[in-house]
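Taking it in order: structure first as structure tokens, then the write-up.
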2 protein chains.
Amino acid sequence: MTDGRNDNKDPLSGPRRRIDTIDRQLLELLNERQLLVSEIAGAKRSAGLPIFVPEREDAKVEDFRREAERRGLDPEWAEDFLRMIMGSSRAAQSTGLFPQAAGGPRRVLLVGGAGRMGKLYGRCFERSGHEVGILESQDWNRAPELLAGRDLVILAVPIRETEPVIRRLGPLLEPETLLVDFTSHKTAPLRWMLEAHTGPVVGLHPMHGPDVQNLTKQLMIICPGRYVERAAWLREQFGLWGLRLAEMRPGQHDEGMHLVQGLRHFLALLHGSYLAARGLRPEEILELSSPIYRAELMMTGRIFAQNPELYADIVLSEPARRDMLLQFLDHHSRLAELVRADDKAGFIAEFRSVTDFFGPFADQALTESNYLIHRLADRFA
Amino acid sequence: MTDGRNDNKDPLSGPRRRIDTIDRQLLELLNERQLLVSEIAGAKRSAGLPIFVPEREDAKVEDFRREAERRGLDPEWAEDFLRMIMGSSRAAQSTGLFPQAAGGPRRVLLVGGAGRMGKLYGRCFERSGHEVGILESQDWNRAPELLAGRDLVILAVPIRETEPVIRRLGPLLEPETLLVDFTSHKTAPLRWMLEAHTGPVVGLHPMHGPDVQNLTKQLMIICPGRYVERAAWLREQFGLWGLRLAEMRPGQHDEGMHLVQGLRHFLALLHGSYLAARGLRPEEILELSSPIYRAELMMTGRIFAQNPELYADIVLSEPARRDMLLQFLDHHSRLAELVRADDKAGFIAEFRSVTDFFGPFADQALTESNYLIHRLADRFA
């Protein structure tokens, strides 16, 4: 070193060397911890125990917070830290065998099983010791033999193919077979399935993409159709994979999804397309971004690295969703009047009515978004 | 324990006890690391060295990634982990004295120094050994004596008071005094300052809120006005506090801010107000949220825990910003036609043109937002 700061007379060199040593010790401990977690996960799988137990994780976090506080460290920060370690441990548990629901191995058929979502679930069923078959569009001539004796048939086909595939499949299904779908809306597909099949029916929506490393902590929406007791083993199997399950009415699901998928992605297109129309380059705007706007720009930008067909299908999907998007435009026009009139009092009145509606959620949102903003600032500022 | 899992025959109890020990060792090391960082920071302050040196931090991160990889740990994850530790160390460095720019202590006057932003910067100047005075609205009768012999006068008043305060202040300023403002737009305030004062002028915009624990890594926008060489010591002082400095034209700053502040907060009001109009409770929608929509809901919700006046001033601030918001409505109406006509081909064409405009930024956004989504999932799922 030529700047003389790292020689022995530099008062900083001693503590800096000790920090380097500490950082290596941290890595050694994290590595050992990861191996222990894998060991525990292996033992759990052999014993058929669920891999992810939220209560145990929460108890561990509480203990870690207490220990951090005793040492004068910020417990909030310590919790972030531990949850990050635990998240990474979960990601590492995506290999090996998974536990199997009671009642022995089942015969599962994935219709559209060569798609990415079908493949993900196919792997999970196989790792839990179930027999998994696939029916793709070129296999319809063999459909009767592929469907024979199946405990479960899963529809994992693109949204626009769901109805014709159900119509074609219905007459070929055995009455004992449990029919489920993975479509991202639920009212119409559940009706189609109930019309086409006389046996047990359940609507499902896995609330995650096909890129997750495993299913632990992911959310599965369940909309009961008919003879739902015949799906008890499947719910148990989902739980053993660590999925969180939420049961709801198809209408409730769909209205929420119009917002979470339809409006969200329409607004991302609108935001990106407005920047393009004004010639505002995102790299240059980043220089001026608050952490919140930076997050928004990243969430907008990500969709343009992906498939436009997919987003067109999500946004335009069905008449109810398109109606909702047009209502949103009306709402926008109404609020824009406050801007046109420079109506500060009207703006404040509208703001206050939303504050009343949001109630205590606004404070929760402030806390949670502060966390996000700090993480963004640590990582990207 | 009555479930028998923690007795000695349980194969999980050994590795679990070892994990508990590791977690305590991690906390001990983190605690010691924090103390060493404080020690280094203290030594740097005594030596007048900058506390935050980005190159050193980046070199440390590179080393940590290499060491993690050697141990079979994911280097991306290791970097997150270290940046989180370093972020917390920075937050802990908000006490004690700060280094002082060359040229000795200066005489600083904060106009609006009792506001939250004024207080934050007042504390920083004092910790660096400068003399700090305050001029509040009740102090105008003492203004000539408060302004006498000041090296620097900072305007930190609410946006709507900026112009009258500058007009009032101008005739009282000594020609040698450096005049700067903290207003969140720059074209008009810079013009007002240049008209009212014959001496050195610089427009500033600190791109952070008054709640930050310290200024390290925060961004300060600088718009040069007149005799900017007289602000060299101030730029040095900002750098010693760890601020990142970005120089730009006032027009460039303002157009970006219409988007980052104006459009962003208008859309948050629109989003919240639409949920209220449809009676969609945010707590219930959370159940259905992807991590991305969850983040959006939190970023929207947070504003309703805050002051409506502040947001009205930000959104409605000036005619150019209101024009831009109305242009955005026109753009929305145009894109909504694709939805009304269920025009998939048109949607895809629009999408592709934005993809072309975004270029490689879209991939960067995908990577950065994946990071965010994983952090959200670790912490809140």
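Chain lettering (A, B, ...) mirrors the order of the structure tokens, residue numbering begins at 1 for each chain separately, and ligand numbering begins at 1 in order of display.
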
| task | Write down as an NGL selection string the residues belonging to stretch 141-259 of chain A that are assigned alpha helix (DSSP H) by DSSP computed on the backbone. | result | :A and (143-147 or 162-169 or 187-196 or 232-240 or 250-257)

Can you write out the residues you just picked, keeping C-alpha atoms, as a PDB file, in the first residue's frame?
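What landed in selection.pdb:
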ATOM      1  CA  ALA A 143     -55.995 -39.467 -23.320  1.00  0.00           C
ATOM      2  CA  PRO A 144     -58.302 -42.330 -22.177  1.00  0.00           C
ATOM      3  CA  GLU A 145     -55.363 -44.537 -21.136  1.00  0.00           C
ATOM      4  CA  LEU A 146     -53.494 -41.573 -19.548  1.00  0.00           C
ATOM      5  CA  LEU A 147     -56.602 -40.664 -17.512  1.00  0.00           C
ATOM      6  CA  THR A 162     -58.620 -23.588 -20.064  1.00  0.00           C
ATOM      7  CA  GLU A 163     -62.214 -23.778 -21.285  1.00  0.00           C
ATOM      8  CA  PRO A 164     -61.666 -25.908 -24.426  1.00  0.00           C
ATOM      9  CA  VAL A 165     -59.369 -28.288 -22.519  1.00  0.00           C
ATOM     10  CA  ILE A 166     -61.966 -28.758 -19.764  1.00  0.00           C
ATOM     11  CA  ARG A 167     -64.738 -29.434 -22.338  1.00  0.00           C
ATOM     12  CA  ARG A 168     -62.579 -32.010 -24.066  1.00  0.00           C
ATOM     13  CA  LEU A 169     -61.420 -33.641 -20.847  1.00  0.00           C
ATOM     14  CA  THR A 187     -65.288 -18.108 -11.162  1.00  0.00           C
ATOM     15  CA  ALA A 188     -65.545 -19.286 -14.779  1.00  0.00           C
ATOM     16  CA  PRO A 189     -63.025 -22.184 -14.614  1.00  0.00           C
ATOM     17  CA  LEU A 190     -64.744 -23.605 -11.514  1.00  0.00           C
ATOM     18  CA  ARG A 191     -68.122 -23.438 -13.309  1.00  0.00           C
ATOM     19  CA  TRP A 192     -66.668 -25.100 -16.412  1.00  0.00           C
ATOM     20  CA  MET A 193     -65.154 -27.891 -14.301  1.00  0.00           C
ATOM     21  CA  LEU A 194     -68.405 -28.496 -12.398  1.00  0.00           C
ATOM     22  CA  GLU A 195     -70.306 -28.662 -15.689  1.00  0.00           C
ATOM     23  CA  ALA A 196     -67.838 -31.001 -17.368  1.00  0.00           C
ATOM     24  CA  ALA A 232     -58.149 -33.660   2.060  1.00  0.00           C
ATOM     25  CA  TRP A 233     -54.983 -35.605   1.158  1.00  0.00           C
ATOM     26  CA  LEU A 234     -54.019 -32.910  -1.370  1.00  0.00           C
ATOM     27  CA  ARG A 235     -54.374 -30.170   1.244  1.00  0.00           C
ATOM     28  CA  GLU A 236     -52.224 -32.245   3.579  1.00  0.00           C
ATOM     29  CA  GLN A 237     -49.646 -32.714   0.800  1.00  0.00           C
ATOM     30  CA  PHE A 238     -49.582 -28.940   0.133  1.00  0.00           C
ATOM     31  CA  GLY A 239     -49.053 -28.316   3.855  1.00  0.00           C
ATOM     32  CA  LEU A 240     -46.160 -30.797   3.950  1.00  0.00           C
ATOM     33  CA  PRO A 250     -64.259 -17.586  -6.416  1.00  0.00           C
ATOM     34  CA  GLY A 251     -65.850 -14.109  -6.728  1.00  0.00           C
ATOM     35  CA  GLN A 252     -63.789 -12.756  -3.844  1.00  0.00           C
ATOM     36  CA  HIS A 253     -60.643 -14.182  -5.398  1.00  0.00           C
ATOM     37  CA  ASP A 254     -61.410 -12.759  -8.831  1.00  0.00           C
ATOM     38  CA  GLU A 255     -62.192  -9.236  -7.660  1.00  0.00           C
ATOM     39  CA  GLY A 256     -58.918  -9.158  -5.736  1.00  0.00           C
ATOM     40  CA  MET A 257     -56.991 -10.473  -8.734  1.00  0.00           C
TER      41      MET A 257
END

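Once B:Gly149 and its same-chain neighbours fewer than 2 positions away are set aside, Arg107, Leu147, Asp151, Glu174 and Thr177 of chain B remain within 8 Å of it when counting only C-alpha atoms.
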
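Among the candidates A:Arg142, A:His185, A:Ser88, A:Leu120, the residue lying nearest to chain B is A:Ser88 (atoms considered: only C-alpha atoms).
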
| said: One number please: atom CA of B:Pro319 to atom CA of A:Leu297, in Å, one decimal. | reply: 24.6 Å

| field | Residue list (strand (DSSP E), DSSP) for stretch 37-274 of chain A, as a count of residues only | value | 36

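Atom pair atom CA of B:Arg150 / atom CA of B:Val180: separated by 12.4 Å.
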
| Nearest-residue call for chain A, choices B:Leu110, B:Ala341, B:Val228, B:Ala276, using only C-alpha atoms | B:Ala276

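Nearest residue to A:Ala362, choosing from B:Asp80, B:Glu67, B:Glu161, B:Glu283 and counting only C-alpha atoms: B:Glu283.
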
| Neighbours of stretch 333-336 of chain B within 10 Å (only C-alpha atoms; same-chain residues fewer than 4 positions away dropped), as an MDAnalysis selection string? | (chainID A and resid 266 269:270 273:274 322 325:326 328:330 332:333) or (chainID B and resid 327:329 340:342 346:347 350)

| query | What lies within 6 Å of stretch 132-141 of chain B using only C-alpha atoms, ignoring chain neighbours under 2 positions off, as a list in words? | reply | Val108, Leu109, Leu110, Val111, Gly112, Gly113 and Ala143 of chain B

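Taking only C-alpha atoms, the non-local environment of A:Trp77 within 12 Å (same-chain residues fewer than 4 positions away omitted) comprises Val61, Phe64, Arg65, Arg66, Ala68, Glu69, Gly72, Leu73, Phe81, Leu82, Arg83, Met84, Tyr371, His374 and Arg375 of chain A; Leu27, Leu30, Phe81, Met84, Ile85, Met86, Gly87, Ser88, Ser89, Ala91, Ala92 and Arg379 of chain B.
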
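Atom pair atom CA of A:Ala365 / atom CA of B:Gln306: separated by 11.2 Å.
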
| task | Could you tell me which of B:Lys217, B:Arg127, B:His197, B:Arg264 comes closest to B:Gly242 if we count only C-alpha atoms? | result | B:Lys217

| field | Contact residues around A:Ala268 with only C-alpha atoms at 9 Å, ignoring same-chain residues under 4 positions, as number ranges by chain | value | A: 263-264, 272-273, 296-297, 299-301, 303

Output file for the selection above: N, CA and C atoms, as a compact mmCIF listing (two decimals), in the first residue's frame:
# COMPACT_ATOMS: atom_id res chain seq x y z
N LEU A 263 -54.99 -4.51 -12.71
CA LEU A 263 -54.68 -3.08 -12.56
C LEU A 263 -53.18 -2.86 -12.40
N ARG A 264 -52.56 -3.68 -11.58
CA ARG A 264 -51.12 -3.55 -11.31
C ARG A 264 -50.31 -3.58 -12.62
N GLY A 272 -44.52 2.91 -17.88
CA GLY A 272 -43.42 2.74 -18.82
C GLY A 272 -43.68 3.47 -20.13
N SER A 273 -44.92 3.36 -20.60
CA SER A 273 -45.25 3.94 -21.90
C SER A 273 -45.26 5.48 -21.81
N GLU A 296 -40.49 1.66 -7.43
CA GLU A 296 -41.58 1.66 -8.41
C GLU A 296 -41.03 1.53 -9.83
N LEU A 297 -39.94 2.22 -10.10
CA LEU A 297 -39.33 2.17 -11.43
C LEU A 297 -38.83 0.75 -11.73
N MET A 299 -40.03 -2.04 -10.35
CA MET A 299 -41.20 -2.91 -10.49
C MET A 299 -41.86 -2.70 -11.86
N THR A 300 -41.82 -1.48 -12.36
CA THR A 300 -42.32 -1.20 -13.71
C THR A 300 -41.37 -1.79 -14.76
N GLY A 301 -40.08 -1.50 -14.60
CA GLY A 301 -39.09 -1.92 -15.59
C GLY A 301 -39.05 -3.42 -15.79
N ILE A 303 -41.24 -5.66 -15.98
CA ILE A 303 -42.19 -6.34 -16.88
C ILE A 303 -41.71 -6.27 -18.33
